[in-house]
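Inspection log for the structure reproduced underneath, given as structure tokens.
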Amino acid sequence: MINISLPDGSVRSFEKAVSGGDIAASIGPGLAKSALALRVDGKLKDLGSVVDHDAKVAIVTARDPEALEILRHDAAHVLAQAVQELYPGTQITFGPATEDGFYYDFVRPEPFTPEDFAKIEQRMAEIVDRDLPIKREVWDRKEIKDYFQKHGETFKAEWADELPKDEEISVYRQGDWLDMCLGPHLPSTGKLGKAFKLTKVSGAYWRGDARNAQLQRVYGTIFFSDKDLKAYLHRLEEAEKRDHRRIGREMGLFHQQEEAAGMVFWHPKGWTLWLTLEGYIRRKLEAGGYVEVKTPQLVDRKLWEDSGHWEKFRENMYLSENEEGLREYIADPAKRIFALKPMNCPCHVQIFNQGLRSYRELPLRLAEFGSCHRFEPSGALHGIMRVRNFTQDDAHIFCTEEHIESETIRFCELLGSIYKDLGFPDYFVKFSDRPPVRAGSDAVWDQAEGALKSASKAAGLDLILNPGEGAFYGPKLEFVLRDAIGRDWQCGTLQVDFVLPERLDATYVAEDGSRKRPVMLHRAIFGSFERMIGILIEHYAGRFPLWLAPTQAVVATIVGDADAYAGEVAASLGAAGLRVETDRRNEKINYKVREHSLAHVPLILAVGRRDMENRTVAVRRLGSDKQEVLELAAAVTTLSKEARPPF
């Protein structure tokens with residue numbers, strides 16, 4: 001007898017092994033029709049999978065969060081089948097689901113173009129109409145390799161040959177088309193529906209290595225309903241309008257170029273934005289009891305080896321390449337070789353380790369706007385959102401285990417107030433536990449995870465479990481904010497670390513005179529300045545709140561006679577703390593207003609002959625056709641108050 005425990009607490013018994021489809025049918029015809037997959041003891045499986053033991057089982061339908069990922073994975077397979085039917089000779093490689101849809105990488109001499117998309121989408125719809133059963137098969141390694149070689153699939157044959165020797169090779173077949181895949185998948189292509197859309201094509205490299213063959217990556221998205229698809233496509237249109245790269249260029253904030261790929265050239269207005277943001281968060285940190293430090297960018301590799309970062313991050317680290325130093329190192333590996341820091345944490349431990357620390361000094365909150373370097377593949381770079389040189393708003397709190405709860409509450413209050421000030425009142429929190437590859441014993445991880453969960457509860461956080469995504473030295477909270485068009489951005493983080501203080505021999509003198517290890521809390525709010533500025537640009541579409549705008553006001557003349565008065569108005573506003581420019585060009589005022597509005601200047605103050613005589617200004621706010629005439633003194637008082645940062 002097989003006993004199946006269902007989510008509602010009921011138990012159904014079967015005389016012999018039973019498939020997921022049969023379990024769904026035993027519950028009711030409606031569920032049998034809507035069933036897409038199976039969860040057995042927490043693990044997703046195909047609906048046709050057989051359960052041959054007592055187990056906890058849940059039937060997955062379109063309402064379950066996991067269903068969308070399965071749908072998108074199936075869409076990638078249907079895309080690949082459609083492409084190979086339409087363009088014989090095209091080779092397939094990999095095609096996973098993504099956060100927003102799916103993609104598949106192809107090898108084909110002719111480039112795909114967006115014009116091909118309609119044709120491919122039509123064939124995908126035909127495959128859906130065929131309602132092909134999707135069946136899982138287990139193949140012998142030699143059999144699958146020979147199959148792909150026979151069909152000219154050299155990339156798939158190579159991959160089959162490199163899979164672990166003891167790994168079962170599962171193949172999913174839909175009609176005459178098949179692919180190696182772990183699954184799970186839908187019961188048939190008919191379950192896919194037609195709420196899909198191909199969105200773009202880009203270049204990629206086989207196995208992500210630029211030394212390998214170049215592939216063509218076709219992206220798409222899919223949802224369970226046309227309504228959700230249309231809403232997503234609308235968000236895409238909005239996202240394109242808000243693209244920080246275009247707006248940054250139009251506003252003259254920054255630029256990037258091939259000679260410094262993954263780096264940012266900040267222009268005066270962009271750097272003004274940066275400094276405004278930096279000044280704001282610095283004031284918040286000072287009020288929150290942090291002290292600011294600065295650590296070197298080049299550090300001996302030995303420190304990275306001791307901390308464990310060398311093993312974890314070596315392939316993403318930049319090494320110093322002074323010829324004499326390299327010759328010395330090659331001749332004698334004991335000689336020093338330096339690396340640009342990919343993060344600040346080990347350096348902050350070095351500051352903590354200077355001198356004898358007392359329990360009376362804890363918690364010690366060390367903050368740094370630290371410039372870090374990490375090598376990112378060229379295909380992963382994205383404007384200022386994903387770069388190779390970035391500045392973290394980093395801090396490390398050295399404390400006792402008893403402090404974890406109070407410091408977590410304190411940090412969450414600080415983060416919440418900052419996000420609110422920046423225009424992000426809504427955010428959620430993920431709890432990321434131990435990853436497969438990690439430092440520290442299971443006992444240490446049990447201790448760290450328990451402490452962070454307890455502190456999160458005390459802080460009133462509703463956590464979403466994010467299994468296996470913790471840092472290699474400890475569990476973490478990930479704070480995900482939501483922007484104006486509903487996109488989620490993971491920015492802030494809080495990590496509990498018992499490992500690094502041990503590895504780098506950090507100690508303090510406890511109240512009883514003994515030496516103890518501090519707990520190290522790693523925390524950030526922005527994540528990086530570059531990424532946060534990119535998010536802010538897209539969130540506000542360049543129309544920043546007054547306190548944050550690089551240029552807060554422009555004084556524009558209506559007639560040349562008002563030039564001197566415009567200078568006086570600008571000087572008065574500048575003395576009151578506003579960032580102000582003048583526009584005395586011999587152009588019509590409507591032209592000037594339109595131009596500065598397109599540049600997203602929040603305030604335009606028009607002055608003419610009458611304003612000069614009456615000592616007034618006509619204030620026009622961005623997004624409004626109305627103007628307000630104010631006396632100069634009143635305008636300076638009012639606008640300087642409005643432009644004041646939130647803290």
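To be explicit about the labels: the chains of the structure tokens are called A, B, and onward in the order shown, and within each one the residues are counted from 1, while ligands get numbers from 1 in the order they are shown.
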
Residues within 10 Å of Cys372 (chain A), only C-alpha atoms, excluding chain neighbours under 5 positions, as a PyMOL selection string: chain A and resi 296-298+317+340-344+388-392+528

Strand (DSSP E) call set, DSSP backbone run, region 343-556 of chain A, as a ChimeraX atom specification: /A:364-373,389-399,427-432,463-466,476-482,488-497,508-509,515-516,519-524,553-556

Long-range neighbours of Lys45 (chain A) as a PyMOL selection string, 9 Å cut-off, only C-alpha atoms, 6 positions minimum in chain: chain A and resi 20+37-39+183-185

Can you write just those residues out, N, CA and C atoms, as a short mmCIF file (atom, residue, chain, number, x, y, z; two decimals), in the first residue's frame?
data_model
loop_
_atom_site.label_atom_id
_atom_site.label_comp_id
_atom_site.auth_asym_id
_atom_site.auth_seq_id
_atom_site.Cartn_x
_atom_site.Cartn_y
_atom_site.Cartn_z
N GLY A 20 1.73 10.70 -11.04
CA GLY A 20 1.20 11.99 -10.62
C GLY A 20 -0.14 12.29 -11.28
N ALA A 37 2.59 19.42 -13.15
CA ALA A 37 3.77 18.72 -12.66
C ALA A 37 3.46 18.21 -11.26
N LEU A 38 4.49 17.68 -10.61
CA LEU A 38 4.33 16.99 -9.35
C LEU A 38 5.45 17.43 -8.41
N ARG A 39 5.12 17.61 -7.13
CA ARG A 39 6.15 17.84 -6.13
C ARG A 39 6.12 16.67 -5.16
N GLY A 183 14.93 18.31 -16.66
CA GLY A 183 13.50 18.46 -16.42
C GLY A 183 13.24 19.17 -15.10
N PRO A 184 12.00 19.13 -14.60
CA PRO A 184 10.83 18.49 -15.21
C PRO A 184 10.24 19.32 -16.34
N HIS A 185 9.29 18.68 -17.08
CA HIS A 185 8.61 19.35 -18.18
C HIS A 185 7.10 19.11 -18.10
#

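Nearest to Gln552 (chain A) of all the residues A:Leu273, A:Ala458, A:Glu613, A:Trp310 is A:Leu273, based on only C-alpha atoms.
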
Near-Phe411 (chain A) list (12 Å; only C-alpha atoms; drop same-chain fewer than 3 positions) as a PyMOL selection string: chain A and resi 284-285+288-290+365+395-397+403-408+414-418+455-456+459+477+479+492-495+521-525

Residues within 12 Å of Glu85 (chain A), only C-alpha atoms, excluding chain neighbours under 5 positions, as JSON, numbers by chain: {"A": [78, 79, 80, 90, 91, 92, 119, 120, 122, 123, 124, 126, 127, 175, 176, 177]}

Grab the residues selected above and save them as a PDB file, in the first residue's frame with C-alpha atoms.
ATOM      1  CA  VAL A  78       9.536  24.436 -28.361  1.00  0.00           C
ATOM      2  CA  LEU A  79      11.565  27.392 -29.663  1.00  0.00           C
ATOM      3  CA  ALA A  80      14.497  25.081 -30.443  1.00  0.00           C
ATOM      4  CA  THR A  90      21.009  24.708 -37.151  1.00  0.00           C
ATOM      5  CA  GLN A  91      22.696  23.223 -34.078  1.00  0.00           C
ATOM      6  CA  ILE A  92      21.284  23.507 -30.572  1.00  0.00           C
ATOM      7  CA  LYS A 119       7.898  33.065 -38.644  1.00  0.00           C
ATOM      8  CA  ILE A 120       9.390  31.235 -35.649  1.00  0.00           C
ATOM      9  CA  GLN A 122       4.013  30.854 -35.955  1.00  0.00           C
ATOM     10  CA  ARG A 123       5.839  27.517 -36.040  1.00  0.00           C
ATOM     11  CA  MET A 124       5.932  27.432 -32.215  1.00  0.00           C
ATOM     12  CA  GLU A 126       1.819  25.010 -34.667  1.00  0.00           C
ATOM     13  CA  ILE A 127       3.873  22.777 -32.333  1.00  0.00           C
ATOM     14  CA  GLY A 175       7.489  14.262 -31.364  1.00  0.00           C
ATOM     15  CA  ASP A 176      10.637  13.635 -33.405  1.00  0.00           C
ATOM     16  CA  TRP A 177      12.608  16.321 -31.559  1.00  0.00           C
TER      17      TRP A 177
END

All residues 10 Å or closer to region 225-228 of chain A, only C-alpha atoms, same chain fewer than 6 positions away omitted, as a ChimeraX atom specification: /A:62,193-196,234

May I have the residues from that selection written out with C-alpha atoms, as an mmCIF file, in the first residue's frame?
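selection-v6.cif, written as the output of this step:
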data_model
loop_
_atom_site.group_PDB
_atom_site.id
_atom_site.type_symbol
_atom_site.label_atom_id
_atom_site.label_comp_id
_atom_site.auth_asym_id
_atom_site.auth_seq_id
_atom_site.Cartn_x
_atom_site.Cartn_y
_atom_site.Cartn_z
ATOM 1 C CA ALA A 62 -0.513 27.296 -13.059
ATOM 2 C CA GLY A 193 -0.458 27.852 -24.536
ATOM 3 C CA LYS A 194 0.269 30.741 -26.892
ATOM 4 C CA ALA A 195 0.942 33.681 -24.577
ATOM 5 C CA PHE A 196 4.550 33.892 -25.735
ATOM 6 C CA HIS A 234 4.192 47.061 -21.579
#

Counting only C-alpha atoms, the residue of A:Leu132, A:Ala58, A:Leu381, A:Leu461 that sits nearest Glu258 (chain A):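 Counting only C-alpha atoms, the residue closest to Glu258 (chain A) is A:Leu381.
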
Two-atom distance - CA of Tyr427 (chain A), CA of Ile535 (chain A) (Å):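 According to the coordinates, CA of Tyr427 (chain A) and CA of Ile535 (chain A) are separated by 14.0 Å.
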
Exercise: region 556-566 of chain A partners within 8 Å, only C-alpha atoms, chain neighbours under 4 positions left out, as an MDAnalysis selection string: chainID A and resid 570 582:586 588:589 592 604:609 612
